[in-house]
$ cat model.txt   # compact mmCIF, C-alpha atoms
# COMPACT_ATOMS: atom_id res chain seq x y z
CA MET X 2 26.46 29.14 -3.14
CA LYS X 3 28.11 27.05 -5.79
CA ALA X 4 24.92 27.21 -7.83
CA MET X 5 24.92 30.97 -7.54
CA ILE X 6 28.49 31.37 -8.71
CA TRP X 7 27.83 28.99 -11.50
CA GLY X 8 24.69 30.88 -12.54
CA LEU X 9 26.57 34.16 -12.46
CA LEU X 10 29.39 32.75 -14.54
CA PHE X 11 26.90 31.41 -17.02
CA CYS X 12 25.07 34.74 -17.35
CA ALA X 13 28.31 36.69 -17.43
CA GLY X 14 29.59 34.38 -20.12
CA THR X 15 26.56 34.86 -22.31
CA ALA X 16 26.49 38.62 -21.83
CA ASN X 17 30.18 39.03 -22.47
CA ALA X 18 30.02 36.86 -25.53
CA GLN X 19 27.31 39.04 -27.02
CA PHE X 20 29.05 42.34 -26.31
CA ASN X 21 32.50 41.23 -27.20
CA LEU X 22 31.67 39.54 -30.44
CA ASP X 23 31.20 43.02 -31.98
CA ARG X 24 34.60 44.11 -30.80
CA LEU X 25 36.14 40.81 -31.78
CA ASN X 26 37.70 40.58 -28.37
CA ILE X 27 38.62 36.99 -29.02
CA ASN X 28 40.90 36.53 -26.03
CA LYS X 29 38.26 37.59 -23.58
CA LEU X 30 35.69 35.42 -25.33
CA ILE X 31 37.93 32.38 -25.04
CA ASP X 32 38.54 33.15 -21.37
CA THR X 33 34.85 33.41 -20.56
CA THR X 34 34.05 30.25 -22.51
CA LYS X 35 36.68 28.43 -20.49
CA ASN X 36 35.09 29.69 -17.31
CA VAL X 37 31.67 28.45 -18.30
CA VAL X 38 32.99 25.00 -19.21
CA LYS X 39 35.04 24.83 -16.03
CA ALA X 40 32.07 25.84 -13.93
CA THR X 41 29.98 22.98 -15.28
CA THR X 42 32.54 20.44 -14.09
CA ASP X 43 31.23 20.90 -10.57
CA ILE X 44 27.53 20.02 -10.37
CA ALA X 45 25.92 21.97 -7.55
CA GLU X 46 23.97 20.31 -4.76
CA PRO X 47 20.41 21.20 -5.92
CA GLU X 48 21.20 19.73 -9.36
CA GLU X 49 22.82 16.69 -7.73
CA ILE X 50 19.63 16.09 -5.74
CA GLN X 51 17.42 16.51 -8.80
CA ILE X 52 19.48 14.15 -10.97
CA GLY X 53 19.42 11.70 -8.05
CA LYS X 54 15.62 11.77 -7.87
CA ASP X 55 15.33 11.03 -11.57
CA VAL X 56 17.85 8.19 -11.35
CA ALA X 57 16.17 6.78 -8.22
CA SER X 58 12.81 6.82 -9.99
CA ARG X 59 14.38 4.90 -12.86
CA LEU X 60 15.90 2.28 -10.55
CA LEU X 61 12.53 1.88 -8.83
CA GLY X 62 11.16 1.13 -12.27
CA ALA X 63 13.47 -1.89 -12.36
CA ALA X 64 12.48 -3.12 -8.91
CA PRO X 65 9.81 -1.61 -6.65
CA LEU X 66 10.07 -1.13 -2.89
CA ALA X 67 9.42 -4.13 -0.67
CA LYS X 68 5.86 -3.93 0.68
CA ASP X 69 6.93 -3.89 4.32
CA GLU X 70 6.49 -0.49 5.89
CA ASN X 71 7.97 -1.65 9.19
CA LEU X 72 11.19 -2.76 7.49
CA GLN X 73 11.35 0.38 5.31
CA ARG X 74 11.07 2.67 8.32
CA TYR X 75 13.60 0.64 10.27
CA VAL X 76 16.17 0.86 7.45
CA ASN X 77 15.56 4.61 7.23
CA ARG X 78 16.24 5.01 10.97
CA VAL X 79 19.52 3.12 10.74
CA GLY X 80 20.53 4.94 7.58
CA ARG X 81 19.59 8.42 8.75
CA TRP X 82 21.52 7.92 12.00
CA LEU X 83 24.61 6.89 10.00
CA ALA X 84 24.27 9.79 7.55
CA SER X 85 24.02 12.23 10.47
CA GLN X 86 27.59 11.27 11.42
CA THR X 87 29.00 12.36 8.04
CA GLU X 88 30.14 15.60 6.45
CA ARG X 89 26.87 15.84 4.49
CA PRO X 90 24.40 15.44 7.36
CA ASP X 91 21.66 17.60 5.86
CA LEU X 92 21.11 16.02 2.46
CA PRO X 93 17.56 14.69 1.96
CA TRP X 94 18.71 11.17 2.88
CA GLN X 95 16.27 8.38 2.11
CA PHE X 96 16.70 4.63 2.20
CA GLY X 97 14.72 1.90 0.51
CA VAL X 98 14.61 -1.90 0.47
CA MET X 99 13.92 -3.05 -3.07
CA GLU X 100 11.86 -6.13 -3.71
CA ALA X 101 14.46 -8.16 -5.60
CA PRO X 102 16.06 -11.55 -4.92
CA GLN X 103 19.46 -10.39 -6.19
CA LEU X 104 22.06 -9.30 -3.62
CA ASN X 105 22.97 -5.67 -4.22
CA ALA X 106 22.92 -2.12 -2.92
CA PHE X 107 22.99 1.21 -4.74
CA ALA X 108 23.96 4.75 -3.88
CA VAL X 109 22.25 7.49 -5.85
CA PRO X 110 23.63 11.05 -5.90
CA GLY X 111 21.88 13.44 -3.54
CA GLY X 112 21.33 10.96 -0.72
CA THR X 113 19.16 8.06 -1.91
CA ILE X 114 20.33 4.58 -0.91
CA PHE X 115 18.82 1.26 -1.97
CA VAL X 116 19.48 -2.22 -0.69
CA THR X 117 17.78 -5.33 -2.05
CA ARG X 118 15.71 -7.64 0.09
CA GLY X 119 17.97 -10.45 -1.16
CA LEU X 120 20.97 -8.82 0.53
CA VAL X 121 19.10 -7.80 3.70
CA GLU X 122 18.00 -11.40 4.22
CA LYS X 123 21.62 -12.55 4.21
CA MET X 124 22.49 -10.19 7.08
CA LYS X 125 22.62 -11.25 10.70
CA SER X 126 22.55 -7.96 12.63
CA GLU X 127 21.86 -4.23 12.51
CA ALA X 128 25.62 -3.67 12.50
CA GLU X 129 25.86 -5.60 9.22
CA LEU X 130 23.03 -3.53 7.72
CA ALA X 131 24.78 -0.40 9.00
CA GLY X 132 28.05 -1.52 7.38
CA VAL X 133 26.42 -1.87 3.97
CA LEU X 134 24.45 1.39 4.26
CA ALA X 135 27.60 3.21 5.42
CA HIS X 136 29.48 1.92 2.35
CA GLU X 137 26.73 3.33 0.12
CA ILE X 138 26.54 6.59 2.08
CA SER X 139 30.28 6.96 1.43
CA HIS X 140 29.68 6.86 -2.32
CA VAL X 141 27.30 9.83 -1.95
CA LEU X 142 29.67 11.59 0.39
CA ARG X 143 32.59 11.26 -2.02
CA LYS X 144 30.30 11.92 -5.05
CA HIS X 145 31.61 8.82 -6.82
CA HIS X 146 28.60 8.31 -9.07
CA LEU X 147 28.04 12.01 -9.63
CA LYS X 148 31.60 12.45 -10.87
CA ALA X 149 31.30 9.40 -13.11
CA ILE X 150 27.98 10.59 -14.54
CA GLN X 151 29.49 13.99 -15.17
CA LYS X 152 32.60 12.59 -16.81
CA GLY X 153 30.50 10.40 -19.07
CA ALA X 154 28.11 13.20 -19.90
CA GLN X 155 30.94 15.52 -20.82
CA THR X 156 32.28 13.12 -23.39
CA GLN X 157 28.81 12.76 -24.89
CA LEU X 158 27.35 16.22 -24.47
CA ALA X 159 28.75 19.61 -25.25
CA GLY X 160 29.22 21.87 -22.25
CA ASP X 161 26.17 23.99 -22.95
CA ALA X 162 23.95 20.94 -23.50
CA LEU X 163 24.97 19.58 -20.10
CA ASN X 164 24.21 22.98 -18.65
CA GLN X 165 20.77 23.02 -20.21
CA ALA X 166 20.09 19.49 -19.08
CA LEU X 167 20.94 20.35 -15.51
CA ARG X 168 18.73 23.41 -15.65
CA ASN X 169 15.84 21.36 -16.95
CA GLN X 170 15.78 23.37 -20.16
CA ASN X 171 16.33 20.51 -22.51
CA ALA X 172 14.19 17.47 -21.72
CA GLN X 173 15.78 15.28 -24.37
CA VAL X 174 19.31 15.89 -23.19
CA ARG X 175 18.22 15.54 -19.59
CA GLU X 176 16.68 12.16 -20.40
CA LYS X 177 20.05 11.16 -21.85
CA LEU X 178 21.81 12.26 -18.68
CA VAL X 179 19.48 10.27 -16.43
CA SER X 180 19.77 7.25 -18.74
CA PHE X 181 23.51 7.49 -18.52
CA GLY X 182 23.24 7.81 -14.75
CA SER X 183 21.11 4.67 -14.48
CA GLU X 184 23.44 2.71 -16.74
CA MET X 185 26.23 3.45 -14.26
CA TYR X 186 24.71 0.79 -12.02
CA THR X 187 25.27 -1.92 -14.61
CA ARG X 188 28.85 -0.90 -15.36
CA GLY X 189 30.11 -0.08 -11.90
CA LEU X 190 32.54 2.46 -10.53
CA ASP X 191 36.31 2.37 -10.50
CA LYS X 192 37.73 -0.24 -8.17
CA GLY X 193 39.44 2.51 -6.17
CA ASP X 194 36.07 4.14 -5.46
CA GLU X 195 34.66 0.87 -4.13
CA LEU X 196 37.63 0.21 -1.86
CA GLU X 197 37.47 3.80 -0.61
CA ALA X 198 33.76 3.39 0.17
CA ASP X 199 34.64 0.27 2.19
CA ARG X 200 37.19 2.19 4.27
CA TYR X 201 34.92 5.18 4.81
CA GLY X 202 32.01 2.85 5.51
CA VAL X 203 33.88 1.19 8.37
CA VAL X 204 34.62 4.63 9.85
CA ILE X 205 31.03 5.89 9.53
CA ALA X 206 29.60 2.73 11.16
CA ALA X 207 32.12 3.13 14.02
CA ARG X 208 31.20 6.81 14.40
CA ALA X 209 27.54 5.83 14.71
CA GLY X 210 28.43 3.45 17.52
CA TYR X 211 28.12 0.13 15.66
CA ASP X 212 30.43 -2.88 15.78
CA SER X 213 32.95 -1.95 13.09
CA TYR X 214 33.07 -5.50 11.72
CA GLY X 215 29.55 -5.28 10.24
CA LEU X 216 30.71 -4.59 6.67
CA PRO X 217 33.55 -7.19 6.75
CA ALA X 218 31.03 -9.73 8.07
CA VAL X 219 28.74 -9.15 5.08
CA LEU X 220 31.71 -9.41 2.72
CA GLN X 221 32.60 -12.76 4.29
CA THR X 222 29.03 -13.94 3.80
CA LEU X 223 29.30 -13.02 0.11
CA GLN X 224 32.68 -14.72 -0.08
CA ALA X 225 31.21 -17.94 1.33
CA MET X 226 28.56 -18.01 -1.40
CA ASN X 227 29.08 -19.64 -4.74
CA ALA X 228 30.60 -16.94 -6.95
CA THR X 229 28.59 -18.17 -9.93
CA ASP X 230 25.32 -17.74 -8.02
CA SER X 231 23.10 -15.77 -10.36
CA ALA X 232 21.89 -13.61 -7.47
CA LEU X 233 25.41 -12.19 -7.24
CA ALA X 234 26.02 -11.66 -10.95
CA LEU X 235 25.46 -7.90 -11.15
CA MET X 236 27.11 -7.13 -7.82
CA PHE X 237 30.20 -9.17 -8.67
CA LYS X 238 30.37 -7.57 -12.12
CA THR X 239 30.34 -4.09 -10.62
CA HIS X 240 32.47 -4.62 -7.49
CA PRO X 241 35.89 -6.07 -6.68
CA ALA X 242 35.74 -9.66 -5.36
CA PRO X 243 34.87 -9.90 -1.63
CA GLY X 244 38.27 -11.47 -0.90
CA GLU X 245 40.05 -8.49 -2.40
CA ARG X 246 37.85 -6.05 -0.47
CA LEU X 247 38.50 -7.89 2.79
CA ALA X 248 42.24 -7.98 2.16
CA SER X 249 42.22 -4.26 1.43
CA LEU X 250 40.32 -3.55 4.66
CA GLY X 251 42.79 -5.73 6.56
CA ASP X 252 45.72 -3.81 5.09
CA THR X 253 44.36 -0.35 5.82
CA MET X 254 41.74 -0.53 8.56
CA GLN X 255 42.85 -3.11 11.11
CA PRO X 256 43.44 -0.57 13.93
CA THR X 257 40.04 1.10 13.41
CA LEU X 258 38.29 -2.25 13.08
CA ASP X 259 39.77 -3.52 16.32
CA ALA X 260 39.22 -0.29 18.26
CA TYR X 261 35.43 -0.43 17.67
CA ALA X 262 34.85 -4.18 17.44
CA LYS X 263 33.05 -4.42 20.78
CA GLN X 264 30.34 -1.88 19.99
CA PRO X 265 26.71 -3.08 19.70
CA GLN X 266 25.70 -5.41 16.87
CA LEU X 267 21.97 -5.27 17.69
CA ALA X 268 21.24 -8.65 16.16
CA ASP X 269 17.93 -9.04 18.01
CA ARG X 270 16.53 -5.69 16.90
CA PHE X 271 17.48 -6.50 13.30
CA LEU X 272 16.12 -10.04 13.24
CA SER X 273 12.87 -9.17 14.97
CA THR X 274 12.23 -6.40 12.42
CA LEU X 275 13.03 -8.67 9.50
CA ARG X 276 10.71 -11.43 10.73
CA LYS X 277 7.73 -9.29 11.68
CA MET E 15 21.32 -36.09 28.58
CA LYS E 16 21.71 -32.37 28.02
CA TYR E 17 25.45 -32.90 27.83
CA LEU E 18 25.02 -35.65 25.27
CA LEU E 19 22.79 -33.48 23.12
CA THR E 20 25.29 -30.65 23.30
CA LEU E 21 28.03 -33.01 22.23
CA LEU E 22 25.94 -34.20 19.34
CA PHE E 23 24.77 -30.85 18.04
CA LEU E 24 27.37 -28.33 19.03
CA PRO E 25 29.83 -29.25 16.30
CA LEU E 26 27.11 -29.01 13.69
CA LEU E 27 25.70 -25.73 14.87
CA ALA E 28 28.76 -23.91 16.11
CA TYR E 29 31.22 -24.64 13.30
CA ALA E 30 29.06 -24.43 10.26
CA GLU E 31 31.26 -22.64 7.73
CA PRO E 32 34.27 -24.17 6.02
CA ALA E 33 37.12 -21.66 5.82
CA THR E 34 40.82 -21.48 5.00
CA LEU E 35 43.53 -19.53 6.78
CA LEU E 36 45.00 -16.82 4.55
CA ARG E 37 48.19 -16.66 6.60
CA ALA E 38 49.95 -18.54 9.39
CA SER E 39 48.09 -17.69 12.60
CA GLU E 40 48.07 -18.41 16.30
CA LEU E 41 45.03 -20.27 17.55
CA LYS E 42 44.05 -18.38 20.71
CA ALA E 43 42.22 -19.74 23.74
CA GLN E 44 40.18 -16.53 23.98
CA PRO E 45 39.18 -13.85 21.44
CA ALA E 46 42.10 -11.58 22.35
CA SER E 47 45.70 -11.05 21.19
CA ASP E 48 47.09 -11.55 24.67
CA ALA E 49 45.24 -14.83 25.28
CA ALA E 50 47.14 -18.12 25.52
CA THR E 51 48.14 -19.71 22.23
CA VAL E 52 46.54 -23.12 21.76
CA ALA E 53 48.29 -24.04 18.52
CA GLN E 54 50.20 -22.62 15.57
CA LEU E 55 48.19 -22.87 12.38
CA ALA E 56 49.80 -22.88 8.96
CA ALA E 57 48.68 -20.75 6.04
CA GLU E 58 46.10 -22.55 3.88
CA ALA E 59 45.05 -24.73 6.82
CA ALA E 60 41.40 -25.75 6.51
CA VAL E 61 39.19 -25.01 9.51
CA ASP E 62 35.51 -24.94 10.36
CA ALA E 63 34.43 -21.49 11.44
CA GLY E 64 31.76 -20.63 13.97
CA GLU E 65 30.66 -17.58 15.93
CA ARG E 66 32.28 -14.16 15.76
CA ASN E 67 33.28 -12.10 18.75
CA GLY E 68 34.53 -8.65 17.80
CA GLY E 69 37.34 -9.19 15.31
CA TRP E 70 37.72 -12.86 16.25
CA VAL E 71 36.10 -16.03 14.97
CA ARG E 72 35.91 -19.34 16.81
CA VAL E 73 37.31 -22.17 14.71
CA ARG E 74 38.00 -25.88 14.94
CA THR E 75 40.99 -27.33 13.12
CA ALA E 76 41.12 -30.57 11.18
CA ALA E 77 43.04 -32.04 14.15
CA GLY E 78 40.17 -31.10 16.44
CA ALA E 79 41.82 -28.15 18.24
CA GLU E 80 39.44 -25.33 19.09
CA GLY E 81 40.11 -21.65 19.65
CA TRP E 82 39.97 -18.20 18.08
CA VAL E 83 41.66 -16.62 15.05
CA LYS E 84 41.47 -13.08 13.61
CA MET E 85 38.44 -12.72 11.39
CA LEU E 86 40.35 -11.17 8.50
CA ALA E 87 42.80 -14.09 8.53
CA LEU E 88 39.98 -16.31 7.27
CA ARG E 89 38.80 -16.89 3.73
CA TYR E 90 35.30 -18.30 3.81
CA GLY E 91 34.01 -21.04 1.59
CA GLY E 92 35.89 -24.25 1.00
CA THR E 93 37.37 -25.21 -2.32
CA GLY E 94 35.20 -24.43 -5.32
CA ALA E 95 33.43 -27.77 -5.18
CA ALA E 96 32.69 -27.46 -1.49
CA LYS E 97 30.96 -24.11 -1.89
CA LYS E 98 27.27 -23.99 -1.48
CA GLY E 99 25.19 -24.12 -4.59
CA ASP E 100 23.03 -21.47 -6.09
CA SER E 101 20.71 -19.65 -3.73
CA GLY E 102 17.85 -20.82 -5.89
CA ILE E 103 17.30 -17.75 -7.96
CA SER E 104 19.20 -18.92 -10.99
CA GLN E 105 16.98 -21.95 -11.33
CA ALA E 106 13.95 -19.74 -11.17
CA ILE E 107 15.42 -17.30 -13.65
CA ASN E 108 16.79 -19.97 -15.95
CA VAL E 109 13.33 -21.41 -16.30
CA ALA E 110 12.17 -18.05 -17.49
CA ARG E 111 15.13 -17.34 -19.73
CA SER E 112 14.43 -17.72 -23.39
CA GLY E 113 16.73 -19.55 -25.73
CA ALA E 114 19.10 -22.40 -25.09
CA SER E 115 22.03 -20.23 -24.03
CA GLY E 116 20.46 -19.44 -20.68
CA THR E 117 21.94 -15.98 -20.79
CA GLN E 118 21.01 -12.46 -21.79
CA VAL E 119 17.28 -12.51 -22.24
CA THR E 120 15.18 -12.82 -19.13
CA THR E 121 11.47 -12.95 -19.37
CA GLY E 122 8.83 -12.65 -16.75
CA VAL E 123 11.09 -12.44 -13.70
CA ARG E 124 11.15 -9.18 -11.83
CA GLY E 125 14.38 -8.17 -10.26
CA LEU E 126 17.54 -6.25 -10.56
CA ASP E 127 19.59 -7.84 -13.28
CA GLU E 128 21.44 -5.81 -15.84
CA ALA E 129 18.60 -6.12 -18.32
CA ASP E 130 16.05 -4.88 -15.78
CA ILE E 131 18.02 -1.67 -15.31
CA HIS E 132 18.54 -1.20 -19.07
CA THR E 133 14.83 -1.38 -19.77
CA ALA E 134 13.54 0.38 -16.64
CA ARG E 135 11.12 3.29 -16.95
CA PRO E 136 10.73 5.90 -14.21
CA ASN E 137 8.38 4.95 -11.38
CA PRO E 138 7.31 8.23 -9.73
CA ALA E 139 4.70 6.45 -7.55
CA GLU E 140 7.39 4.34 -5.87
CA LEU E 141 9.65 7.38 -5.53
CA LYS E 142 6.85 9.13 -3.64
CA LYS E 143 6.48 6.12 -1.34
CA LEU E 144 10.24 6.18 -0.73
CA GLU E 145 10.07 9.82 0.33
CA GLY E 146 7.25 8.95 2.71
CA TYR E 147 9.43 6.43 4.56
CA ALA E 148 12.25 8.90 5.22
CA GLU E 149 13.25 9.50 8.85
CA SER E 150 14.18 12.82 10.43
CA LYS E 151 17.58 13.47 11.95
CA GLN E 152 15.97 13.82 15.39
CA GLY E 153 13.91 10.68 14.96
CA SER E 154 16.97 8.64 14.10
CA ALA E 155 18.80 9.98 17.15
CA GLY E 156 16.07 8.65 19.44
CA PHE E 157 16.23 5.31 17.66
CA ALA E 158 20.01 5.20 18.16
CA GLU E 159 19.61 5.97 21.82
CA SER E 160 17.17 3.10 22.32
CA GLY E 161 19.82 0.81 20.83
CA LYS E 162 22.51 2.27 23.11
CA LEU E 163 24.45 3.53 20.09
CA LYS E 164 26.76 6.39 20.97
CA ALA E 165 28.10 8.75 18.33
CA GLN E 166 31.79 9.53 18.54
CA ARG E 167 34.64 11.03 16.57
CA VAL E 168 36.49 8.60 14.34
CA GLU E 169 38.88 9.87 11.68
CA TYR E 170 38.93 8.66 8.09
CA PRO E 171 42.04 6.82 6.95
CA LYS E 172 44.58 8.95 5.10
$ encode --input "model.txt" --output "structure tokens"
Amino acid sequence: MKAMIWGLLFCAGTANAQFNLDRLNINKLIDTTKNVVKATTDIAEPEEIQIGKDVASRLLGAAPLAKDENLQRYVNRVGRWLASQTERPDLPWQFGVMEAPQLNAFAVPGGTIFVTRGLVEKMKSEAELAGVLAHEISHVLRKHHLKAIQKGAQTQLAGDALNQALRNQNAQVREKLVSFGSEMYTRGLDKGDELEADRYGVVIAARAGYDSYGLPAVLQTLQAMNATDSALALMFKTHPAPGERLASLGDTMQPTLDAYAKQPQLADRFLSTLRK
Amino acid sequence: MKYLLTLLFLPLLAYAEPATLLRASELKAQPASDAATVAQLAAEAAVDAGERNGGWVRVRTAAGAEGWVKMLALRYGGTGAAKKGDSGISQAINVARSGASGTQVTTGVRGLDEADIHTARPNPAELKKLEGYAESKQGSAGFAESGKLKAQRVEYPK
């Protein structure tokens, strides 16, 4: 629907501009131009999914998927179950374990979530995996990366160039957009976005029936590691410190955490999948 | 004999992680707020942390008292020096890093450092594989059921 309105606005804008230029109806021209620019500030879902695919492909160029079909399918089952409990249950959700020793996880617009094997191997239960996946799902849900990509693109690209890029009409500009999107993962989001994803992640894991302490448990594992560990470098550069994230969860989520603390952790199912 | 072995190994296995209390806390006999209080622990007290039960973690104090404290009252890792070393990757990467600085340029090591993302090219073959692993909504529901996971309403924080 959004895409339709946006397309209509775009066409209307172009048509009006052509007709009105003759009459020098400047006010109307300015109005329509405003509309077109305003419309592009909200990327529609099909475009979000397409940008996401391009960015996901780029990230997979940095680290391929772990060659463990059993593990990949398992992570997809956990992730899809979590995503089904959210307000965007019908996105083409897909989850992948990347073959990389670094500890990290990534959310890509449109519903693609990656977690590194390095991070998975530090986990002790399915509830911990669910906590991390739910944090990433929250980024997609709240469109954190999409909004950041858009904001960045708007400062670099003129409104019509962004439009063309999204509509696949300008390969060069589109390439720029995807590049910018991929670079997001080396710069990180705003701290507020990360803390929000932690809070939402706890809720989504609880909705799916998991022990709500899965995400805090992973954060404590990270906290116990040496902060200068090179495997943590990129994650620590792009996220608030684990101690700060835990304190924030304690301040805001204690009642939710405690209400769902006794739900299943499924440690055996997790560990047996990891070791197969 | 069994008892002796338990005595010998339990402390090593059960209280493996050094941790510090973020705030003054009651040491509880059981993992519950209404359980008996074993001791009052001061903020910054050093403890050894063990298993987790819900929002509680079993700890042993320097004085040898044992009980449970709230998980989010604990900061894991001892002082800087007591923290565990590198997980082994940095050595591997450092070997491959060029130049004496040991930073910036990595060579020959695959992974997900900043530089790997900067230089990455699209990998459509892997993307296709990723799509192939995706699970359906229905499939994931059956998987949840086999794990006795029950979906329920939980509101987001304001």
$ residues_around --input "model.txt" --residues "stretch 88-103 of chain X" --least-positions-apart "6" --cutoff "8 Å" --atoms "only C-alpha atoms" --output "mmCIF file with C-alpha atoms, in the frame of the given file"
data_model
loop_
_atom_site.group_PDB
_atom_site.id
_atom_site.type_symbol
_atom_site.label_atom_id
_atom_site.label_comp_id
_atom_site.auth_asym_id
_atom_site.auth_seq_id
_atom_site.Cartn_x
_atom_site.Cartn_y
_atom_site.Cartn_z
ATOM 1 C CA LEU X 61 12.530 1.880 -8.830
ATOM 2 C CA ALA X 64 12.480 -3.120 -8.910
ATOM 3 C CA PRO X 65 9.810 -1.610 -6.650
ATOM 4 C CA LEU X 66 10.070 -1.130 -2.890
ATOM 5 C CA ALA X 67 9.420 -4.130 -0.670
ATOM 6 C CA LYS X 68 5.860 -3.930 0.680
ATOM 7 C CA LEU X 72 11.190 -2.760 7.490
ATOM 8 C CA GLN X 73 11.350 0.380 5.310
ATOM 9 C CA VAL X 76 16.170 0.860 7.450
ATOM 10 C CA ASN X 77 15.560 4.610 7.230
ATOM 11 C CA GLY X 80 20.530 4.940 7.580
ATOM 12 C CA ARG X 81 19.590 8.420 8.750
ATOM 13 C CA GLY X 111 21.880 13.440 -3.540
ATOM 14 C CA GLY X 112 21.330 10.960 -0.720
ATOM 15 C CA THR X 113 19.160 8.060 -1.910
ATOM 16 C CA ILE X 114 20.330 4.580 -0.910
ATOM 17 C CA PHE X 115 18.820 1.260 -1.970
ATOM 18 C CA VAL X 116 19.480 -2.220 -0.690
ATOM 19 C CA THR X 117 17.780 -5.330 -2.050
ATOM 20 C CA ARG X 118 15.710 -7.640 0.090
ATOM 21 C CA GLY X 119 17.970 -10.450 -1.160
ATOM 22 C CA LEU X 120 20.970 -8.820 0.530
ATOM 23 C CA LEU X 142 29.670 11.590 0.390
ATOM 24 C CA SER X 231 23.100 -15.770 -10.360
ATOM 25 C CA ALA X 232 21.890 -13.610 -7.470
ATOM 26 C CA LEU X 233 25.410 -12.190 -7.240
ATOM 27 C CA ILE E 103 17.300 -17.750 -7.960
ATOM 28 C CA ARG E 124 11.150 -9.180 -11.830
ATOM 29 C CA GLY E 125 14.380 -8.170 -10.260
ATOM 30 C CA LEU E 126 17.540 -6.250 -10.560
ATOM 31 C CA ASP E 127 19.590 -7.840 -13.280
ATOM 32 C CA LEU E 144 10.240 6.180 -0.730
ATOM 33 C CA GLU E 145 10.070 9.820 0.330
ATOM 34 C CA TYR E 147 9.430 6.430 4.560
ATOM 35 C CA ALA E 148 12.250 8.900 5.220
ATOM 36 C CA GLU E 149 13.250 9.500 8.850
#
$ residues_near_point --input "model.txt" --point "(15.9, 14.7, -10.4)" --cutoff "10 Å" --atoms "all atoms listed in the file" --output "JSON, numbers by chain"
{"X": [47, 48, 49, 50, 51, 52, 53, 54, 55, 56, 57, 58, 110, 111, 167, 169, 175, 179]}
$ closest_residue --input "model.txt" --among "E:Ala53, E:Ala87, E:Glu159, E:Gly81" --to "E:Gly69" --atoms "all atoms listed in the file"
E:Ala87
$ closest_residue --input "model.txt" --among "E:Leu36, E:Val61, E:Ala49, E:Ala56" --to "chain X" --atoms "all atoms listed in the file"
E:Leu36
$ interface_residues --input "model.txt" --of "chain E" --to "chain X" --cutoff "8 Å" --atoms "all atoms listed in the file" --output "NGL selection string"
:E and (31 or 67-69 or 86 or 89-92 or 94 or 97-101 or 103-104 or 124-128 or 130-138 or 140-141 or 144-145 or 147-151 or 153-155 or 157-158 or 161-171)
$ atom_distance --input "model.txt" --atom1 "atom CA of E:Lys84" --atom2 "atom CA of E:Gly64"
12.3 Å
$ closest_residue --input "model.txt" --among "E:Lys143, E:Lys42, E:Arg74, E:Lys172" --to "E:Ala60" --atoms "all atoms listed in the file"
E:Arg74
$ atom_distance --input "model.txt" --atom1 "atom CA of X:Ala106" --atom2 "atom CA of X:Ile138"
10.7 Å
$ residues_near_point --input "model.txt" --point "(39.4, -19.6, 12.2)" --cutoff "8 Å" --atoms "only C-alpha atoms" --output "list in words"
Ala33, Thr34, Leu35, Leu41, Val61, Asp62, Ala63, Gly64, Val71, Arg72, Val73, Arg74, Thr75, Gly81, Trp82, Val83, Lys84, Met85, Ala87 and Leu88 of chain E
$ write_last_selection --input "model.txt" --atoms "C-alpha atoms" --output "compact mmCIF listing (two decimals), in the coordinates of the input"
# COMPACT_ATOMS: atom_id res chain seq x y z
CA ALA E 33 37.12 -21.66 5.82
CA THR E 34 40.82 -21.48 5.00
CA LEU E 35 43.53 -19.53 6.78
CA LEU E 41 45.03 -20.27 17.55
CA VAL E 61 39.19 -25.01 9.51
CA ASP E 62 35.51 -24.94 10.36
CA ALA E 63 34.43 -21.49 11.44
CA GLY E 64 31.76 -20.63 13.97
CA VAL E 71 36.10 -16.03 14.97
CA ARG E 72 35.91 -19.34 16.81
CA VAL E 73 37.31 -22.17 14.71
CA ARG E 74 38.00 -25.88 14.94
CA THR E 75 40.99 -27.33 13.12
CA GLY E 81 40.11 -21.65 19.65
CA TRP E 82 39.97 -18.20 18.08
CA VAL E 83 41.66 -16.62 15.05
CA LYS E 84 41.47 -13.08 13.61
CA MET E 85 38.44 -12.72 11.39
CA ALA E 87 42.80 -14.09 8.53
CA LEU E 88 39.98 -16.31 7.27
$ atom_distance --input "model.txt" --atom1 "atom CA of E:Thr51" --atom2 "atom CA of E:Ala38"
13.0 Å
$ closest_residue --input "model.txt" --among "E:Glu65, E:Ala139, E:Trp70, E:Glu80" --to "E:Val52" --atoms "all atoms listed in the file"
E:Glu80
$ axis_aligned_box --input "model.txt" --around "stretch 205-211 of chain X" --padding-each-side "6 Å" --output "lines of an AutoDock Vina configuration file"
center_x = 29.8
center_y = 3.5
center_z = 13.5
size_x = 16.6
size_y = 18.7
size_z = 20.0
$ decode --input "model.txt" --residues "stretch 137-141 of chain E" --atoms "N, CA and C atoms" --output "tab-separated table (two decimals), in the first residue's frame"
chain	number	residue	atom	x	y	z
E	137	ASN	N	27.97	-12.06	-2.38
E	137	ASN	CA	28.11	-13.51	-2.55
E	137	ASN	C	26.73	-14.13	-2.77
E	138	PRO	N	26.23	-14.03	-4.02
E	138	PRO	CA	24.87	-14.50	-4.30
E	138	PRO	C	24.70	-16.00	-4.07
E	139	ALA	N	25.78	-16.80	-4.22
E	139	ALA	CA	25.67	-18.24	-4.01
E	139	ALA	C	25.33	-18.54	-2.54
E	140	GLU	N	25.99	-17.82	-1.63
E	140	GLU	CA	25.71	-18.03	-0.20
E	140	GLU	C	24.32	-17.51	0.15
E	141	LEU	N	23.90	-16.43	-0.49
E	141	LEU	CA	22.57	-15.88	-0.23
E	141	LEU	C	21.51	-16.92	-0.61
